[in-house]
Each structure stands twice: as structure tokens, then as C-alpha cells.
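Chemist: Structure provided below as C-alpha cells; questions to follow.
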Amino acid sequence: MTDAAAPDPLPDHVPAGGWRDDPDLLRLAAVLGGDGEARVVGGAVRDRLLELAVKDVDIATAHRPQAVIERLKAAGIKAIPTGIAHGTVTGILPRGPVEITTLRHDVTTDGRRATVAFASDWREDAARRDFTMNALYADPSTGALHDYFGGRADLALGRVRFIGDAATRIDEDHLRILRYFRFLARFGVADAATEDYAACVAKAPTLMALSRERIADEMLKLLGTADPVPALRLMVEGGIFTSIIPEITGDGPNRVAALIARETAMGEAPDGLLRLVALLPEDGAVAERVAARLKLSNKARARIGAALGEAVTGDARALAYRLGHRGALDRIALGRAFDPQEAPMLAAWTAPRLPVSGGDLIARGMTAGPQVAQALRALEEEWIAAGYPAREETLALADSLPGLTRAGDGN
């Protein structure tokens, strides 16, 4: 399933709108040379053809990095040599940063990184990219499309196709296996009969050579697409996860599909991390082990722990009081608590604070010590069950606690 239906056929030029009408970007292109020496490339071209929102704009240029820096500085545009060894200079525009990269070709690759050399041929630069739909170039001012490997036709058909020999492309960068399924989830039609899928299946063990961080980043992007389920089913069937996340089984995509249905009912946006939780067996220990292996952040791991923690008694508000809004919504989305229809109520509810302190209990006759904290916890449970009453009613609840020798007035 795609994020957006591709028009058929796609236009043979990039339509007006978006970055095509950005005066700052057009000025940058003119500074780099308005005679074909600079072209917008990759996702910005692909997404604009589909009339999707474009987040980042990348430019390819025939100029060497130092020449790019000199041209930008002469025009008063701040230039940052962010990846100078690989030919990338970042120009700072009012719209945000724009990466400008000199045409390149690969000299050596080891499956994780490439050594590149600068080139002067546009087709040679296109040939080093991963998929045909990502090897599209466009003139910033006219929108004229430069398509060297049939990417426009593939995009229209929802066909994710490696440039050249798929196995060779994967050997250059093993992450392209996961990228294949991410682009399949976003733009493509799941098809187990293609040579590209067969190459990914055959090369899946090479994913073990990648850093856990790169795997995690790509997995979360894949899971964050509108509907990754068809791609996930192909991944499970082809044993793609076996060498990196063997805990994922055939039931995983079904749980993700159920989660997506609940997300929709709740009005929640796609959430890659929560979908990763759904993809795994419902076992906190398993999820923690996978999170540690993928080197997820402490914040992400705490969220996973809350989502899969022990059951909480009470209504949806009690769940939100104990876990916070995000924790409560995560459990509802995962089907571990309440109905998705409870979600809108939680969004409008602000959790109150217990209106009684340990000092109040001591003032009412309780002896200072550890028992005060224990009594407060017990009082809090009664207060939640009573519907979060105000201070006076809560003090009345406190008077029935063990350890109080008299009932005070709370002053």
C-alpha cells in the first residue's frame, strides 16, 4: 500500500509548486550555475512528482566542493563544509539548510561505507544511487526531468527497483535491504516474484555487518510509514529479520495491522517505536532485549517498559494518572487496556495532584516515619477510586487510615 496513489502516467517534468516556486532555492541554483550545473535530486524530485510534501531538498552539482563554497560566499550565502570528504557542502537559506553535493562515483565499497571520487558525468552520479525512483534529477527553474534509469515509470507503477544488478547494489551497502522494504512500504506494491526481492532474501545475512544504530534507524522509518504491513509480511516470509531481530515471527505483522486499526480509531499518527513493540511478542523481557540490542535511547526503552508493564487497575483516567498520557495511549493502542474510544477523553483530561501531603497526615496524629509514605500511597489509591475528590473529602478518607490517633481539621 502506498502513502499516496501515483498518477498514471506521471508528468515528464516536475510540476510547479513547493520548492519549484521557492525564490531562495532558485537563487541558490542560479548562483551554482543556471546552465545545467546544478539540479535538485532524489526524494525532493520523487515526492514532488507525486505531489507529496517535501521536507528536504538536495542539490547535485558539477562543481567541486571548494568552488561551491566560493560561489556561495560570494553571493552572501553561508556555506558549511558538512561532508567535504564526500563532496557535500550545506548552504544555509531562509527556508533551512540545503545539501549541495558534487557529482560522484564509488571507488571502493565494503557494504557499510564507500570511498568516492568526484565525477563530471550526471549518469555516472545517478548510477551509484540505490533505486531508480531515487535517481531522478530536475532543473530547479524549469522542472525539466532527467531520468537515466526509468525511475519515473517505476514510480508510477509502484515498482521499487535497484539500479543495475540488485545483488551488486546490496553488496555496496547492506542497509539497502532495509531501505528496499521501506520504499516498498511507502511507494511500492509488495511482490515476492521480483528479482529485487529475491536478492534481498539472498543477501539478508549480510545485515549482521551493520551497526545496530543504523538498523534501528531504518527499521523505525520503515515502521513509521502509513501501512508497512505488506512489506513486513514479505520480510518475515523471506527471513529478513532472522539475523538481526529473530524474535519477530509470523504473528508480528498481524499485531501491527491491529495496532494500525486502533491508531486510526484514536486519531493517532503512525508511530514507528510503538509498531516495533507490536511487531515483537508481548513480553517485556523480549522487548527490552531487542531494545538493548538496537541501542535504543533510554527514553525509548522507558516508554517500551511502560507500554508492556504490569496491568493497572481502574479506568482510563487511572491509567493516565499512573503512566502519563503517552503511556496510557500506548497501552490502549496496543490493545492492552480499554477501548480506543477512551482516547479522546484522555486528551482533554489533566491529571490532578493528590491534595494531601505527608505533613497533613502527621498533623492529624500519625507518627513521623516510613509509615507516612506507605499511608500516602494507600490514600492515593482510595483517592483515585473515589474519583479524585477535593482536599476536604480526601482528608476525610485519610481519617480512616491505620496509624491516625485523632482526626484533625487539616489546618
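Just so we're on the same page: first chain in the C-alpha cells is A, next is B, and so on; residues restart at 1 for each chain, and ligands are numbered from 1 in the order they show up.
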If we count only C-alpha atoms and set the cut-off at 12 Å, which residues sit around Ile245 in chain A, ignoring sequence neighbours fewer than 5 positions away in its own chain? Please answer as a ChimeraX atom specification.
Modeler: /A:204-205,207-208,212,215-216,219,235-236,239-240,252,276,279-281,286-287,289-294
Chemist: Skipping near chain neighbours, those fewer than 4 positions away, what residues fall within 12 Å of Phe187 in chain A using only C-alpha atoms, listed as a count of residues only?
Modeler: 34
Chemist: If you measure from CA of Asp125 in chain A to CA of Ala62 in chain A, what distance in Å do you get, rounded to one decimal?
Modeler: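 About the pair CA of Asp125 in chain A and CA of Ala62 in chain A: they are 10.0 Å apart.
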Chemist: Please determine, counting only C-alpha atoms, which residue among A:Ala285, A:Ala29, A:Leu319, A:Val98 has the shortest atom-to-atom distance to Ala44 in chain A.
Modeler: A:Val98
Chemist: Would you kindly return, as a PyMOL selection string, each protein, DNA or RNA residue with an atom no farther than 7 Å from any atom of range 333-337 of chain A, considering only C-alpha atoms and excluding same-chain residues fewer than 4 positions away?
Modeler: chain A and resi 259+262-263+278+329
Chemist: Near Glu381 in chain A, within 12 Å and counting only C-alpha atoms, which residues show up once chain neighbours fewer than 2 positions away are dropped, as a list of chain:residue names?
Modeler: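 Here the answer would be A:Val312, A:Thr313, A:Gly314, A:Ala318, A:Tyr321, A:Arg322, A:Leu354, A:Gln374, A:Ala375, A:Leu376, A:Arg377, A:Ala378, A:Leu379, A:Trp383, A:Ile384, A:Ala385, A:Ala386, A:Gly387, A:Tyr388, A:Pro389, A:Thr394, A:Leu397, A:Ala398, A:Leu401.
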Chemist: Using only C-alpha atoms, which residue out of A:His105, A:Pro65, A:Arg71, A:Leu395 lies closest to Gly87 in chain A?
Modeler: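 Once distances to Gly87 in chain A are computed over only C-alpha atoms, the minimum belongs to A:Pro65.
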Chemist: Enumerate, as a list in words, the complete set of residues in range 3-83 of chain A that a backbone-based DSSP assignment places in alpha helix (DSSP H).
Modeler: Pro23, Asp24, Leu25, Leu26, Arg27, Leu28, Ala29, Ala30, Val31, Leu32, Gly43, Ala44, Val45, Arg46, Asp47, Arg48, Leu49, Pro65, Gln66, Ala67, Val68, Ile69, Glu70, Arg71, Leu72, Lys73 and Ala74 of chain A
Chemist: Write to file, as a compact mmCIF listing (two decimals), in the first residue's frame, the residues of the selection just made, with N, CA and C atoms.
Modeler:
```txt
# COMPACT_ATOMS: atom_id res chain seq x y z
N PRO A 23 11.81 31.17 -4.08
CA PRO A 23 12.77 32.12 -4.65
C PRO A 23 14.19 31.95 -4.11
N ASP A 24 14.32 31.55 -2.84
CA ASP A 24 15.65 31.36 -2.27
C ASP A 24 16.35 30.16 -2.92
N LEU A 25 15.61 29.12 -3.17
CA LEU A 25 16.20 27.95 -3.81
C LEU A 25 16.57 28.26 -5.26
N LEU A 26 15.72 29.00 -5.93
CA LEU A 26 16.01 29.39 -7.33
C LEU A 26 17.25 30.27 -7.38
N ARG A 27 17.39 31.15 -6.39
CA ARG A 27 18.59 32.00 -6.35
C ARG A 27 19.83 31.15 -6.13
N LEU A 28 19.74 30.16 -5.21
CA LEU A 28 20.87 29.27 -4.95
C LEU A 28 21.26 28.54 -6.23
N ALA A 29 20.27 28.05 -6.95
CA ALA A 29 20.57 27.34 -8.20
C ALA A 29 21.24 28.26 -9.21
N ALA A 30 20.80 29.50 -9.26
CA ALA A 30 21.42 30.46 -10.18
C ALA A 30 22.86 30.75 -9.79
N VAL A 31 23.11 30.81 -8.49
CA VAL A 31 24.48 31.03 -8.01
C VAL A 31 25.38 29.88 -8.42
N LEU A 32 24.85 28.67 -8.38
CA LEU A 32 25.64 27.49 -8.75
C LEU A 32 25.76 27.34 -10.26
N GLY A 43 14.81 12.46 -3.36
CA GLY A 43 13.48 12.47 -2.77
C GLY A 43 12.67 13.71 -3.07
N ALA A 44 13.32 14.87 -3.17
CA ALA A 44 12.58 16.10 -3.45
C ALA A 44 11.94 16.05 -4.83
N VAL A 45 12.60 15.39 -5.78
CA VAL A 45 12.04 15.24 -7.13
C VAL A 45 10.95 14.18 -7.11
N ARG A 46 11.27 13.04 -6.53
CA ARG A 46 10.30 11.94 -6.45
C ARG A 46 9.00 12.37 -5.80
N ASP A 47 9.09 13.00 -4.63
CA ASP A 47 7.88 13.36 -3.88
C ASP A 47 7.11 14.48 -4.56
N ARG A 48 7.83 15.39 -5.21
CA ARG A 48 7.13 16.48 -5.91
C ARG A 48 6.37 15.94 -7.11
N LEU A 49 6.91 14.91 -7.78
CA LEU A 49 6.18 14.28 -8.89
C LEU A 49 4.88 13.67 -8.40
N PRO A 65 33.66 20.89 -4.43
CA PRO A 65 33.23 21.50 -3.17
C PRO A 65 33.80 22.89 -2.91
N GLN A 66 35.08 23.10 -3.17
CA GLN A 66 35.67 24.41 -2.91
C GLN A 66 35.06 25.48 -3.79
N ALA A 67 34.75 25.11 -5.03
CA ALA A 67 34.11 26.06 -5.93
C ALA A 67 32.70 26.39 -5.44
N VAL A 68 32.01 25.40 -4.89
CA VAL A 68 30.67 25.64 -4.34
C VAL A 68 30.76 26.63 -3.19
N ILE A 69 31.72 26.41 -2.29
CA ILE A 69 31.89 27.30 -1.14
C ILE A 69 32.18 28.73 -1.61
N GLU A 70 33.04 28.87 -2.57
CA GLU A 70 33.41 30.20 -3.06
C GLU A 70 32.22 30.90 -3.70
N ARG A 71 31.42 30.17 -4.48
CA ARG A 71 30.24 30.77 -5.12
C ARG A 71 29.21 31.20 -4.07
N LEU A 72 29.00 30.36 -3.07
CA LEU A 72 28.02 30.70 -2.05
C LEU A 72 28.48 31.92 -1.24
N LYS A 73 29.73 31.93 -0.85
CA LYS A 73 30.24 33.07 -0.07
C LYS A 73 30.17 34.35 -0.86
N ALA A 74 30.48 34.29 -2.14
CA ALA A 74 30.43 35.49 -3.00
C ALA A 74 29.01 36.04 -3.11
```
Chemist: Which one of A:Asp315, A:Asp171, A:Glu237, A:Asp139 sits closest to Arg39 in chain A if you count only C-alpha atoms?
Modeler: A:Asp139
Chemist: Taking only C-alpha atoms into account, which of A:Glu247, A:Glu124, A:Asp196, A:Asp56 comes nearest Pro97 in chain A?
Modeler: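 Using only C-alpha atoms, Pro97 in chain A sits closest to A:Asp56.
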Chemist: Calculate how many Å separate CA of Arg301 in chain A from CA of Gly284 in chain A, rounding to one decimal.
Modeler: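 Separation of CA of Arg301 in chain A and CA of Gly284 in chain A: 10.4 Å.
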Chemist: Could you give me, as an NGL selection string, the residues within 12 Å of Thr194 in chain A, counting only C-alpha atoms and dropping anything in the same chain fewer than 4 positions from it?
Modeler: :A and (159-162 or 166 or 189-190 or 198-201 or 234)
Chemist: Pull C-alpha atoms from the residues just selected and write them as a compact mmCIF listing (two decimals), in the first residue's frame.
Modeler:
```
# COMPACT_ATOMS: atom_id res chain seq x y z
CA ARG A 159 7.85 -0.69 -8.53
CA VAL A 160 10.88 -0.40 -6.24
CA ARG A 161 13.81 -1.40 -8.46
CA PHE A 162 17.54 -1.34 -7.81
CA ALA A 166 20.42 -5.78 -7.26
CA VAL A 189 3.39 -2.84 -4.40
CA ALA A 190 4.51 -5.88 -2.39
CA ALA A 198 15.00 -12.36 -4.25
CA ALA A 199 18.31 -10.51 -3.97
CA CYS A 200 17.27 -9.04 -0.60
CA VAL A 201 16.35 -12.51 0.69
CA LEU A 234 7.40 -10.20 2.83
```
